[in-house]
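**Student:** What follows is a structure written as structure tokens; I'll ask about it next.
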Amino acid sequence: MQEVLPSHVSLAQVDIWFQDESRIGQQGSQTRIWAKRGTRPRVVKQQQFLYQYIYGAVCPSQKTCAALVLPYANQHGMQKHLEEISSHVPQGRHGVVVMDQAGWHQTKNLSIPKNLSILHLPPYSPELNPQEQVWYYLKDHYLANRVFKTQEEILNACCEAWNCFAQMPHLIASLTTRAWTQLF
């Protein structure tokens with residue numbers, strides 16, 4: 001961890017942030033629903049291809065989160081998201097953003113804010129990123145079994161789901177706290 005941090009930052013000043021993106025749209029998730037025993041309820045599954053991306057990040061130690069909903073997953077969106085995360089890092093603290101190795105996460109054209117450092121997870125290891133549990137929660141509780149007619153409906157649903165999640169600091173901490181982050 002020490003080589004990730006600037007030399008002037010001590011471990012006592014570090015907050016671990018977990019970052020990821022998730023596509024939400026018309027070909028969304030299906031989840032279990034309550035139904036009378038012995039029946040097989042129908043669930044809608046759209047075939048169209050409109051979607052949005054939620055760029056989400058959580059900080060379990062601060063019980064806070066930051067997100068943007070954007071139409072594409074690319075370098076431009078990643079830059080905006082890093083700036084958003086940076087604005088949520090308290091003054092005098094440093095955020096280490098843990099993320100996968102998607103192409104737009106590794107481009108040399110990203111300008112990393114001074115109060116952030118990046119730590120990439122090993123390839124093919126989504127189970128190491130607690131942000132995945134956030135996606136499961138949001139899809140299960142807010143975004144599954146839905147029909148979206150327009151991009152705006154998808155955008156509004158994503159924003160509503162994230163804003164509800166952001167209002168539950170205890171849930172942020174319980175879904176995303178990992179023992180290894182307590183070492184710092």
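In the structure tokens, chains take the letters A, B, ... in the order shown, each chain's residues start at 1, and ligands count up from 1 in the order shown.
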Which of range 27-121 of chain A end up as helix (DSSP H, G or I) when DSSP is run on this backbone - answer as a PDB file with N, CA and C atoms, in the first residue's frame?
**Tutor:**
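Result saved to part-v9.pdb:
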ATOM      1  N   GLN A  75     -13.341   6.665 -20.801  1.00  0.00           N
ATOM      2  CA  GLN A  75     -12.354   7.495 -20.105  1.00  0.00           C
ATOM      3  C   GLN A  75     -12.971   8.803 -19.612  1.00  0.00           C
ATOM      4  N   HIS A  76     -13.790   9.431 -20.423  1.00  0.00           N
ATOM      5  CA  HIS A  76     -14.405  10.704 -20.045  1.00  0.00           C
ATOM      6  C   HIS A  76     -15.276  10.532 -18.793  1.00  0.00           C
ATOM      7  N   GLY A  77     -16.096   9.473 -18.775  1.00  0.00           N
ATOM      8  CA  GLY A  77     -16.927   9.195 -17.606  1.00  0.00           C
ATOM      9  C   GLY A  77     -16.088   8.876 -16.381  1.00  0.00           C
ATOM     10  N   MET A  78     -15.011   8.128 -16.575  1.00  0.00           N
ATOM     11  CA  MET A  78     -14.128   7.782 -15.457  1.00  0.00           C
ATOM     12  C   MET A  78     -13.488   9.026 -14.868  1.00  0.00           C
ATOM     13  N   GLN A  79     -13.080   9.954 -15.719  1.00  0.00           N
ATOM     14  CA  GLN A  79     -12.483  11.205 -15.241  1.00  0.00           C
ATOM     15  C   GLN A  79     -13.479  11.975 -14.382  1.00  0.00           C
ATOM     16  N   LYS A  80     -14.707  12.094 -14.861  1.00  0.00           N
ATOM     17  CA  LYS A  80     -15.742  12.787 -14.090  1.00  0.00           C
ATOM     18  C   LYS A  80     -16.000  12.082 -12.755  1.00  0.00           C
ATOM     19  N   HIS A  81     -15.968  10.744 -12.778  1.00  0.00           N
ATOM     20  CA  HIS A  81     -16.229  10.009 -11.546  1.00  0.00           C
ATOM     21  C   HIS A  81     -15.094  10.185 -10.535  1.00  0.00           C
ATOM     22  N   LEU A  82     -13.863  10.173 -10.998  1.00  0.00           N
ATOM     23  CA  LEU A  82     -12.743  10.425 -10.082  1.00  0.00           C
ATOM     24  C   LEU A  82     -12.863  11.806  -9.442  1.00  0.00           C
ATOM     25  N   GLU A  83     -13.272  12.790 -10.214  1.00  0.00           N
ATOM     26  CA  GLU A  83     -13.476  14.132  -9.668  1.00  0.00           C
ATOM     27  C   GLU A  83     -14.602  14.141  -8.632  1.00  0.00           C
ATOM     28  N   GLU A  84     -15.655  13.363  -8.898  1.00  0.00           N
ATOM     29  CA  GLU A  84     -16.768  13.260  -7.941  1.00  0.00           C
ATOM     30  C   GLU A  84     -16.314  12.590  -6.649  1.00  0.00           C
ATOM     31  N   ILE A  85     -15.575  11.504  -6.750  1.00  0.00           N
ATOM     32  CA  ILE A  85     -15.048  10.836  -5.556  1.00  0.00           C
ATOM     33  C   ILE A  85     -14.158  11.801  -4.780  1.00  0.00           C
ATOM     34  N   SER A  86     -13.279  12.487  -5.484  1.00  0.00           N
ATOM     35  CA  SER A  86     -12.358  13.437  -4.862  1.00  0.00           C
ATOM     36  C   SER A  86     -13.099  14.485  -4.043  1.00  0.00           C
ATOM     37  N   SER A  87     -14.239  14.931  -4.539  1.00  0.00           N
ATOM     38  CA  SER A  87     -15.012  15.953  -3.821  1.00  0.00           C
ATOM     39  C   SER A  87     -15.636  15.411  -2.530  1.00  0.00           C
ATOM     40  N   HIS A  88     -15.722  14.086  -2.386  1.00  0.00           N
ATOM     41  CA  HIS A  88     -16.282  13.471  -1.182  1.00  0.00           C
ATOM     42  C   HIS A  88     -15.215  13.064  -0.161  1.00  0.00           C
ATOM     43  N   GLY A 103     -10.221  -0.991 -19.340  1.00  0.00           N
ATOM     44  CA  GLY A 103      -9.375  -0.144 -20.162  1.00  0.00           C
ATOM     45  C   GLY A 103      -9.461   1.331 -19.798  1.00  0.00           C
ATOM     46  N   TRP A 104     -10.656   1.829 -19.524  1.00  0.00           N
ATOM     47  CA  TRP A 104     -10.820   3.247 -19.192  1.00  0.00           C
ATOM     48  C   TRP A 104     -10.342   3.571 -17.779  1.00  0.00           C
ATOM     49  N   HIS A 105     -10.016   2.557 -16.965  1.00  0.00           N
ATOM     50  CA  HIS A 105      -9.440   2.782 -15.636  1.00  0.00           C
ATOM     51  C   HIS A 105      -7.923   2.940 -15.705  1.00  0.00           C
ATOM     52  N   GLN A 106      -7.320   2.471 -16.778  1.00  0.00           N
ATOM     53  CA  GLN A 106      -5.870   2.415 -16.869  1.00  0.00           C
ATOM     54  C   GLN A 106      -5.268   3.376 -17.891  1.00  0.00           C
TER      55      GLN A 106
END
**Student:** Run DSSP on the backbone and grab whatever in range 46-145 of chain A lands in strand (DSSP E); send it over as number ranges by chain.
**Tutor:** A: 51-59, 64-70, 94-99, 116-120
**Student:** Would you mind listing what lies within 12 Å of Cys65 in chain A as number ranges by chain, with only C-alpha atoms counted and same-chain residues fewer than 3 positions away left out?
**Tutor:** A: 15-20, 55-62, 68, 81, 84-89, 97, 131, 134, 162-173, 176
**Student:** Quote the spacing between CA of Val14 in chain A and CA of Glu127 in chain A in Å to one decimal place.
**Tutor:**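 Separation of CA of Val14 in chain A and CA of Glu127 in chain A: 22.6 Å.
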**Student:** Tell me, as a list in words, which residues lie within 9 Å of Ala157 in chain A, counting only C-alpha atoms; anything in the same chain fewer than 4 positions away does not count.
**Tutor:**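 Near neighbours after the sequence-gap exclusion: Tyr142, Leu143, Phe148, Glu152, Glu153, Ala161 and Trp162 of chain A.
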**Student:** Restricting the calculation to only C-alpha atoms, which member of A:Gln13, A:Thr107, A:Thr150, A:Asn129 is positioned closest to Pro90 in chain A?
**Tutor:**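 Selected residue with least distance to Pro90 in chain A: A:Gln13.
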**Student:** Using only C-alpha atoms, pick whichever of A:Asn156, A:Gln101, A:Ser7, A:Leu128 has the shortest atom-to-atom distance to Trp180 in chain A.
**Tutor:**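 With only C-alpha atoms as the atom set, the closest residue is A:Leu128.
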**Student:** For a test of reading the model, state the distance in Å between CA of Ser111 in chain A and CA of Ile54 in chain A, rounded to one decimal.
**Tutor:**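 These atoms are spaced 20.3 Å apart.
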